[in-house]
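Below is work08.txt, which holds compact mmCIF, C-alpha atoms.
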```
# COMPACT_ATOMS: atom_id res chain seq x y z
CA MET A 9 -6.59 -12.88 -23.93
CA SER A 10 -5.03 -15.35 -21.51
CA SER A 11 -2.33 -16.16 -24.11
CA VAL A 12 -0.88 -12.65 -23.87
CA PRO A 13 2.35 -13.03 -21.87
CA ILE A 14 2.71 -10.88 -18.75
CA SER A 15 6.10 -10.54 -17.05
CA THR A 16 6.70 -10.61 -13.31
CA GLY A 17 7.55 -6.91 -13.40
CA GLU A 18 4.28 -6.08 -15.13
CA THR A 19 2.22 -8.01 -12.57
CA PHE A 20 4.06 -6.19 -9.77
CA ILE A 21 3.21 -2.81 -11.29
CA VAL A 22 -0.45 -3.57 -11.99
CA GLY A 23 -0.90 -5.24 -8.60
CA GLY A 24 0.58 -2.19 -6.91
CA ILE A 25 -1.80 0.13 -8.75
CA ALA A 26 -4.73 -2.03 -7.62
CA ALA A 27 -3.53 -1.83 -4.02
CA CYS A 28 -3.17 1.96 -4.27
CA THR A 29 -6.75 2.19 -5.56
CA ALA A 30 -7.98 0.28 -2.53
CA VAL A 31 -5.98 2.30 -0.01
CA THR A 32 -7.26 5.59 -1.44
CA ILE A 33 -10.79 4.41 -0.65
CA SER A 34 -10.00 2.94 2.77
CA ASN A 35 -7.51 5.55 4.05
CA PRO A 36 -10.10 7.86 5.70
CA PHE A 37 -11.22 4.91 7.85
CA GLU A 38 -7.58 4.18 8.72
CA VAL A 39 -7.21 7.78 9.88
CA ALA A 40 -10.29 7.39 12.07
CA LYS A 41 -9.06 4.05 13.43
CA VAL A 42 -5.64 5.43 14.40
CA ARG A 43 -7.09 8.48 16.14
CA LEU A 44 -9.67 6.46 18.05
CA GLN A 45 -6.97 4.08 19.22
CA LEU A 46 -4.65 6.85 20.36
CA GLN A 47 -7.07 9.15 22.17
CA GLY A 48 -6.56 9.03 25.91
CA GLU A 49 -3.02 7.69 25.45
CA LEU A 50 -1.39 10.51 27.37
CA ALA A 51 -4.12 11.30 29.90
CA LYS A 52 -6.20 8.49 31.28
CA GLY A 53 -9.73 9.46 32.13
CA ALA A 54 -9.61 12.59 29.99
CA GLU A 55 -12.66 13.55 27.98
CA LYS A 56 -12.69 11.77 24.64
CA VAL A 57 -12.26 13.94 21.57
CA TYR A 58 -13.86 11.44 19.21
CA LYS A 59 -16.94 9.31 19.93
CA ASN A 60 -16.91 6.83 17.04
CA VAL A 61 -15.79 6.41 13.43
CA GLY A 62 -18.54 8.65 12.03
CA ASP A 63 -17.81 11.38 14.58
CA THR A 64 -14.07 11.15 13.86
CA LEU A 65 -14.57 11.47 10.11
CA ALA A 66 -17.02 14.36 10.52
CA LYS A 67 -14.74 16.33 12.85
CA THR A 68 -11.68 15.65 10.76
CA TRP A 69 -13.46 16.84 7.61
CA LYS A 70 -14.81 19.94 9.35
CA ASN A 71 -11.47 20.99 10.85
CA GLU A 72 -8.93 19.69 8.34
CA GLY A 73 -10.82 19.17 5.10
CA PHE A 74 -9.90 16.63 2.42
CA GLY A 75 -6.25 16.73 3.40
CA GLY A 76 -7.20 15.68 6.90
CA ILE A 77 -9.26 12.61 6.04
CA GLN A 78 -6.57 11.54 3.55
CA ARG A 79 -3.68 12.32 5.88
CA GLY A 80 -0.87 9.81 5.48
CA LEU A 81 -2.08 8.69 2.05
CA GLY A 82 1.44 8.82 0.58
CA PRO A 83 3.06 6.30 2.93
CA ALA A 84 -0.19 4.32 3.05
CA ALA A 85 -0.05 3.92 -0.71
CA SER A 86 3.64 3.01 -0.55
CA TRP A 87 2.96 0.41 2.12
CA SER A 88 -0.03 -0.95 0.21
CA TYR A 89 2.06 -1.12 -2.97
CA ILE A 90 4.89 -3.04 -1.30
CA VAL A 91 2.98 -5.51 0.87
CA PRO A 92 0.27 -6.88 -1.50
CA THR A 93 2.65 -7.14 -4.48
CA THR A 94 5.28 -8.77 -2.29
CA LEU A 95 2.72 -11.23 -0.97
CA ASN A 96 1.21 -12.17 -4.33
CA LEU A 97 -1.53 -10.86 -6.56
CA THR A 98 -2.46 -13.43 -9.17
CA TYR A 99 -4.18 -13.40 -12.52
CA HIS A 100 -5.18 -16.88 -13.68
CA ASP A 101 -1.92 -18.89 -13.56
CA GLU A 102 0.42 -15.90 -13.57
CA TYR A 103 1.88 -14.62 -10.34
CA ALA A 104 4.28 -12.21 -8.73
CA GLY A 105 5.72 -11.98 -5.27
CA PHE A 106 6.54 -14.69 -2.78
CA TYR A 107 3.31 -16.58 -2.21
CA GLU A 108 3.19 -18.83 -5.28
CA PRO A 109 6.96 -19.54 -5.45
CA ILE A 110 6.96 -20.49 -1.76
CA ARG A 111 3.84 -22.62 -2.10
CA ARG A 112 5.17 -24.47 -5.14
CA THR A 113 8.56 -25.02 -3.49
CA VAL A 114 7.01 -26.37 -0.29
CA ASN A 115 4.77 -28.66 -2.37
CA LYS A 116 7.81 -30.06 -4.19
CA LEU A 117 9.67 -30.65 -0.92
CA ALA A 118 6.61 -32.46 0.45
CA GLY A 119 6.33 -34.63 -2.66
CA ILE A 120 3.17 -32.87 -3.85
CA GLN A 121 2.48 -31.62 -7.36
CA PRO A 122 3.39 -27.89 -7.52
CA ASP A 123 -0.01 -26.92 -8.96
CA GLU A 124 -2.00 -28.86 -6.35
CA GLN A 125 -3.78 -26.71 -3.79
CA VAL A 126 -3.08 -28.10 -0.32
CA ALA A 127 -4.36 -26.24 2.73
CA ALA A 128 -1.24 -26.73 4.87
CA THR A 129 1.28 -25.58 2.26
CA SER A 130 -0.97 -22.70 1.16
CA ILE A 131 -1.29 -21.44 4.73
CA LEU A 132 2.47 -21.76 5.28
CA ALA A 133 3.22 -19.89 2.05
CA GLY A 134 0.73 -17.17 2.93
CA ALA A 135 2.26 -16.67 6.37
CA ALA A 136 5.83 -16.65 5.01
CA SER A 137 5.01 -14.12 2.30
CA GLY A 138 3.21 -12.03 4.92
CA VAL A 139 6.37 -11.89 7.01
CA ALA A 140 8.37 -10.75 3.97
CA GLY A 141 5.80 -8.09 3.10
CA ALA A 142 5.60 -6.73 6.64
CA MET A 143 9.38 -6.45 6.91
CA CYS A 144 9.68 -4.64 3.58
CA GLY A 145 6.85 -2.22 4.28
CA ASN A 146 7.40 -1.50 7.98
CA PRO A 147 9.04 1.97 7.64
CA PHE A 148 6.09 3.17 5.56
CA PHE A 149 3.56 1.70 7.99
CA LEU A 150 5.32 3.51 10.84
CA ILE A 151 5.22 6.96 9.25
CA LYS A 152 1.70 6.30 7.94
CA ALA A 153 0.40 5.84 11.49
CA ARG A 154 2.26 8.91 12.76
CA MET A 155 1.01 11.14 9.94
CA GLN A 156 -2.57 9.89 10.31
CA ALA A 157 -2.50 10.58 14.06
CA TYR A 158 -1.36 14.18 13.61
CA SER A 159 -4.06 16.83 13.91
CA PRO A 160 -3.37 20.57 14.28
CA VAL A 161 -6.87 21.12 15.72
CA LEU A 162 -7.88 18.05 17.77
CA PRO A 163 -4.62 16.24 18.65
CA VAL A 164 -4.69 12.82 20.28
CA GLY A 165 -1.74 10.80 21.52
CA THR A 166 1.86 11.65 20.70
CA GLN A 167 2.02 14.07 17.78
CA HIS A 168 4.59 13.95 14.98
CA TYR A 169 4.46 16.62 12.28
CA TYR A 170 6.06 15.79 8.93
CA LYS A 171 5.88 17.80 5.70
CA ASN A 172 5.61 14.67 3.58
CA SER A 173 6.69 11.02 3.40
CA VAL A 174 10.29 11.82 2.48
CA ASP A 175 10.58 14.28 5.37
CA ALA A 176 9.10 11.67 7.70
CA LEU A 177 11.58 8.97 6.69
CA LYS A 178 14.49 11.42 6.99
CA SER A 179 13.32 12.56 10.43
CA VAL A 180 12.96 9.00 11.74
CA TRP A 181 16.38 8.06 10.32
CA ARG A 182 18.10 11.11 11.81
CA ALA A 183 16.56 10.56 15.24
CA GLU A 184 16.63 6.77 15.60
CA ARG A 185 18.45 5.20 12.63
CA TRP A 186 17.61 1.52 12.07
CA LYS A 187 15.94 1.22 15.46
CA GLY A 188 13.32 3.71 14.30
CA MET A 189 12.85 2.09 10.91
CA ILE A 190 12.07 -1.31 12.42
CA ARG A 191 9.97 0.01 15.30
CA GLY A 192 6.81 -2.08 15.61
CA MET A 193 8.01 -4.63 13.08
CA ASP A 194 7.46 -7.56 15.45
CA ALA A 195 3.76 -6.75 15.79
CA ALA A 196 3.45 -6.04 12.06
CA VAL A 197 5.03 -9.39 11.19
CA ILE A 198 2.63 -11.31 13.43
CA ARG A 199 -0.43 -9.40 12.21
CA THR A 200 0.41 -9.68 8.51
CA ALA A 201 1.49 -13.31 8.73
CA MET A 202 -1.79 -14.27 10.38
CA GLY A 203 -3.86 -12.29 7.89
CA SER A 204 -2.08 -13.43 4.75
CA SER A 205 -2.04 -17.07 5.88
CA VAL A 206 -5.83 -16.94 5.49
CA GLN A 207 -6.38 -14.19 2.93
CA LEU A 208 -4.35 -15.52 0.02
CA PRO A 209 -5.24 -19.23 0.24
CA SER A 210 -8.95 -18.49 0.73
CA TYR A 211 -9.02 -16.17 -2.29
CA ASN A 212 -7.24 -18.61 -4.61
CA TRP A 213 -9.27 -21.58 -3.33
CA THR A 214 -12.59 -19.79 -3.78
CA LYS A 215 -11.72 -18.58 -7.28
CA ARG A 216 -10.57 -22.03 -8.42
CA THR A 217 -13.66 -23.66 -6.91
CA LEU A 218 -16.03 -21.27 -8.66
CA ILE A 219 -14.30 -21.74 -12.02
CA GLU A 220 -13.92 -25.52 -11.81
CA ASN A 221 -17.60 -25.98 -10.88
CA GLY A 222 -18.85 -23.69 -13.61
CA LEU A 223 -20.15 -21.11 -11.14
CA GLY A 224 -18.06 -18.31 -12.57
CA ARG A 225 -15.86 -17.51 -15.55
CA ALA A 226 -12.12 -17.09 -15.15
CA ASP A 227 -12.30 -13.55 -16.56
CA SER A 228 -15.49 -12.46 -14.78
CA THR A 229 -15.46 -9.50 -12.39
CA TRP A 230 -18.19 -11.26 -10.39
CA THR A 231 -15.83 -14.21 -9.85
CA PHE A 232 -13.17 -11.83 -8.54
CA LEU A 233 -15.69 -10.05 -6.30
CA ALA A 234 -17.05 -13.29 -4.84
CA SER A 235 -13.57 -14.69 -4.22
CA SER A 236 -12.28 -11.52 -2.61
CA ALA A 237 -15.45 -11.21 -0.49
CA VAL A 238 -14.86 -14.70 0.91
CA SER A 239 -11.21 -13.82 1.49
CA GLY A 240 -12.18 -10.62 3.28
CA ALA A 241 -14.73 -12.44 5.43
CA CYS A 242 -12.06 -14.95 6.47
CA THR A 243 -9.87 -12.17 7.87
CA THR A 244 -12.32 -11.51 10.68
CA ALA A 245 -10.18 -9.09 12.71
CA HIS A 246 -11.37 -5.51 12.01
CA PHE A 247 -13.76 -7.00 9.44
CA LEU A 248 -15.42 -3.74 8.42
CA ARG A 249 -12.02 -2.18 7.69
CA ILE A 250 -10.11 -5.11 6.20
CA ALA A 251 -12.83 -6.78 4.12
CA PRO A 252 -13.60 -3.78 1.86
CA HIS A 253 -9.88 -3.15 1.35
CA THR A 254 -9.32 -6.81 0.48
CA ILE A 255 -12.26 -6.89 -1.92
CA VAL A 256 -11.19 -3.74 -3.77
CA THR A 257 -7.51 -4.74 -3.92
CA LEU A 258 -8.02 -8.27 -5.25
CA THR A 259 -10.86 -7.35 -7.62
CA ALA A 260 -9.09 -4.26 -8.99
CA ASN A 261 -5.94 -6.31 -9.53
CA GLU A 262 -7.77 -8.84 -11.68
CA VAL A 263 -9.69 -6.16 -13.60
CA TYR A 264 -6.61 -3.98 -14.21
CA LEU A 265 -4.59 -6.94 -15.41
CA GLY A 266 -7.42 -7.87 -17.78
CA TRP A 267 -7.44 -4.34 -19.19
CA TYR A 268 -3.66 -4.33 -19.48
CA LYS A 269 -3.60 -7.65 -21.31
CA ALA A 270 -6.30 -6.43 -23.69
CA ALA A 271 -4.39 -3.22 -24.41
CA LYS A 272 -1.12 -5.11 -24.79
CA SER A 273 -2.64 -7.56 -27.27
CA LYS A 274 -3.80 -4.65 -29.46
CA VAL A 275 -0.36 -3.03 -29.66
CA LYS A 276 1.53 -6.30 -30.08
CA PRO A 277 3.66 -5.98 -33.23
CA ALA A 278 2.58 -8.15 -36.13
CA VAL A 279 4.87 -10.99 -37.19
CA THR A 280 5.90 -10.75 -40.83
CA HIS A 281 6.84 -13.74 -42.94
CA GLU A 282 9.31 -13.29 -45.77
```

Rewritten as structure tokens:
Amino acid sequence: MSSVPISTGETFIVGGIAACTAVTISNPFEVAKVRLQLQGELAKGAEKVYKNVGDTLAKTWKNEGFGGIQRGLGPAASWSYIVPTTLNLTYHDEYAGFYEPIRRTVNKLAGIQPDEQVAATSILAGAASGVAGAMCGNPFFLIKARMQAYSPVLPVGTQHYYKNSVDALKSVWRAERWKGMIRGMDAAVIRTAMGSSVQLPSYNWTKRTLIENGLGRADSTWTFLASSAVSGACTTAHFLRIAPHTIVTLTANEVYLGWYKAAKSKVKPAVTHE
């Protein structure tokens, strides 16, 4: 199975699908998070609309239905497709994105073997790839937050109504041009750089440690789950929101790539000898 070649483009596509799977599961909690953060923004001391995450989800479902709890899913999926695949989602020794190329390059410059896992260069590569991912995905993160905050029944904070993701991007561009597209990028860069500097190295380190010590197989879903759980635990900020998303994204990526490689090996054309 591992001998089946996978191109960089294929790993990008499969990694993006894994990220979209995770964001579909976690998006309702993102909606709740955004609305809880924004309530009281315009009127200090006003009565709170939402009490907690459970209350936010319940009220959103009651008043807006499935579309409400999955509001902003389109740009959320786009952002989740761009950022994780830009960072790096690995399968065994195959990789896509910036993380591994940066790490290997920094290792070479430091006189270290490219394949050697060194904490300092891994953290630097994770942070650098996080910056790249945040910059690429910022417009989608912006409209995601605005669409998730919008509620026709229980509005909180500044409201922006958009028909869909395309309409949102067009509206932001018409009103603010590049200034609107990069709004909040500085905070996104810092947040993503800090998270990815820990998330990616901890995942790869845990997976390699489990495999090298015979505690897990390289193709085992349990190995992927354990590695991603450690990675999620290391990103302690908003643990209950980030950890599940991290676990689903990294595990789904490994599983999907395994399925893809298996399917690809079955349809591989036979070599004929004359």

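Note that the spacing between atom CA of A:Cys28 and atom CA of A:Ala176 amounts to 19.7 Å.
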
One-decimal distance in Å that lies between atom CA of A:Tyr211 and atom CA of A:Gly134: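 Pair atom CA of A:Gly134 / atom CA of A:Tyr211 returns 11.1 Å.
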
Point-to-point distance from atom CA of A:Ala234 to atom CA of A:Thr217, Å rounded to tenths: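 These two atoms are separated by 11.1 Å.
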
12 Å contact set for A:Thr68, only C-alpha atoms, chain neighbours under 6 positions out, as number ranges by chain: A: 36-37, 39-40, 43-44, 57-58, 61-62, 74-79, 156-163

Show me, as lines of an AutoDock Vina configuration file, the centre and edge lengths in Å to one decimal of the axis-aligned box that covers every listed atom of stretch 114-123 of chain A with 5 Å on each side.
```
center_x = 4.8
center_y = -30.5
center_z = -4.3
size_x = 19.7
size_y = 18.3
size_z = 19.4
```

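Among the candidates A:Ser205, A:Cys144, A:Leu46, A:Ala30, the one nearest to A:Arg111 when counting only C-alpha atoms is A:Ser205.
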
Residues near A:Tyr170, cut-off 9 Å, all atoms listed in the file, skip fewer than 4 positions along chain, as a PyMOL selection string: chain A and resi 151+154-155+158+174-176+179

Counting only C-alpha atoms, the residue of A:Asp194, A:Glu18, A:Glu220, A:Glu38 that sits nearest A:Gly80: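 Of A:Asp194, A:Glu18, A:Glu220, A:Glu38, the one nearest A:Gly80, counting only C-alpha atoms, is A:Glu38.
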
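In this comparison, which uses all atoms listed in the file, the residue of A:Thr200, A:Ser273, A:Ser228, A:Gln121 approaching A:Ala260 most closely is A:Ser228.
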
Residue among A:Ser236, A:Gly141, A:Lys215, A:Thr64 lying closest to A:Tyr107, counting all atoms listed in the file: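 Among the listed residues, A:Gly141 lies closest to A:Tyr107.
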
Of the listed residues A:Asn212, A:Trp230, A:Lys41, A:Asp63, that which approaches A:Asp123 most closely, counting all atoms listed in the file: A:Asn212

Counting only C-alpha atoms, the option among A:Gln47, A:Ser137, A:Thr259, A:Thr129 closest to A:Val164: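 Under the stated criterion, the closest residue is A:Gln47.
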